[in-house]
Amino acid sequence: MSLRQRAQRDIARITTNKSHFGWPVVISYKGKEYQADCFSNNIGQTFDSDTGTVVSGQTATASISVIELQNKNIPEPVAVYNENRDPYLVSFNDGLGRDFLFKVVDTYPDRTLGLIVCILERFKDGA
Amino acid sequence: MALKYLIDNLIQKNDNFELIRDQIALILSANSENQMTLATNAGLDPEPYRLNVFLERTNPWRYFDVDEQSTEPGDYAPLINVSFDSFENDPSSSDGTDQQTNTAIFYIDCFGTGLSEKKSTGFTSGDKASILEAQRAVKLVRNILMAATNRYLGMQGIVALREVTEVVKVSLAVKGTETVPIDHVSVYRLGLKVRYVEQSPQVTPVISEGALIQVKHTETGRVIGSLDFDYTK
């Protein structure tokens, strides 16, 4: 096994370890739901309107291993801009029992180490 | 001996720039309610005319935030924040004693929020929705403030002129970071220039000498005057 493959496996192990910082999420895409474990963040930040630097706001991300996606046959996260197509959704709770539903608006895939960082925005199910 | 530069009256009044700022907020709030009534009476949805008006808030978009009882944003109506920025004096129409003519700049920031939402086919984009909401809010604000009935902002005699100087988009995009806010908020800033008069504290007059003049005249109308003076040592 090469060092690169070992790094990919390490990332999969680290991000799915729920006794550490791994967290369960539900992925919804094209009418199907998938359970996965990954890193997820939902934190308050700040951004300044004049300079564009971070002053205030809430940001959320999900970082999921490519190996986790492959093991569970989960489609790779995509930022869907066409409003006529199904969005790629991620939901998880905050550990206090409150669920949050997000849509993927951007992704930062690292295909060398096998980790995809998903930038999330709040989504309303409308149901 | 009393110091000559001391003002002998307590300054309790508001300056007119404060009153104008408050009046702008009142005009926007009252007209929003009135527009909603007009819409209802016309059988139309009043919600597009609802504006939440605030004064001098530095972080008003937090009003869109999730309330502690729910995971959804609480109120989607556009936020309007009225703030005073600055004024400049016009020396040519001011005097150093009583009345000054100033031109003030007020900012009316119009915040719109949009939520990405599922629809029957696909979804609506939150980023576009927030921009359209903010544009709709600034449209309402501009129409209200520039309406003929608000020519003097209801303060004729104090306000001589009001005009919209600019409408600019304020960027709330996060730069230099890899994340964006989960809630889309867009802002348009409307600048309002107001020319008005301001008064200053005056010296309390003191009677220094008294003079009594009684005009008397003869039967023919010839004036005979008499003067009495009260002298003080």
# chains A, B, ... in the order shown; residues from 1 in each chain; ligands from 1
call {"tool": "residues_around", "arguments": {"residues": "A:Leu115", "least_positions_apart": "5", "cutoff": "8 Å", "atoms": "only C-alpha atoms", "output": "list in words"}}
result
Gln8, Ile11, Ser63, Ile64, Ser65, Val66, Pro109 and Asp110 of chain A
call {"tool": "select_by_dssp", "arguments": {"residues": "stretch 1-232 of chain B", "states": "alpha helix (DSSP H)", "output": "ChimeraX atom specification"}}
result
/B:16-41,126-145
call {"tool": "atom_distance", "arguments": {"atom1": "atom CA of B:Ile27", "atom2": "atom CA of B:Asn102"}}
result
21.3 Å
call {"tool": "closest_residue", "arguments": {"among": "B:Thr58, B:Gln202, B:Gln99, B:Ser86", "to": "chain A", "atoms": "only C-alpha atoms"}}
result
B:Thr58
call {"tool": "residues_around", "arguments": {"residues": "stretch 87-94 of chain A", "least_positions_apart": "4", "cutoff": "10 Å", "atoms": "only C-alpha atoms", "output": "PyMOL selection string"}}
result
(chain A and resi 23-31+33-36+40-43+61-62+75-83+98-105+118+120-123+125) or (chain B and resi 116-118+122-124)
call {"tool": "closest_residue", "arguments": {"among": "B:Gly112, B:Pro78, B:Pro60, B:Pro91", "to": "chain A", "atoms": "only C-alpha atoms"}}
result
B:Pro60
call {"tool": "closest_residue", "arguments": {"among": "A:Asp106, A:Ile116, A:Asn84, A:Lys32", "to": "chain B", "atoms": "only C-alpha atoms"}}
result
A:Asn84
call {"tool": "closest_residue", "arguments": {"among": "A:Met1, A:Cys38, A:Ala60, A:Ile14", "to": "A:Ile119", "atoms": "only C-alpha atoms"}}
result
A:Ala60
call {"tool": "atom_distance", "arguments": {"atom1": "atom CA of B:Thr204", "atom2": "atom CA of B:Gly96"}}
result
16.3 Å
call {"tool": "atom_distance", "arguments": {"atom1": "atom CA of B:Val167", "atom2": "atom CA of B:Ser83"}}
result
14.8 Å
call {"tool": "closest_residue", "arguments": {"among": "B:Leu153, B:Leu10, B:Ala39, B:Leu115", "to": "B:Leu26", "atoms": "only C-alpha atoms"}}
result
B:Leu153
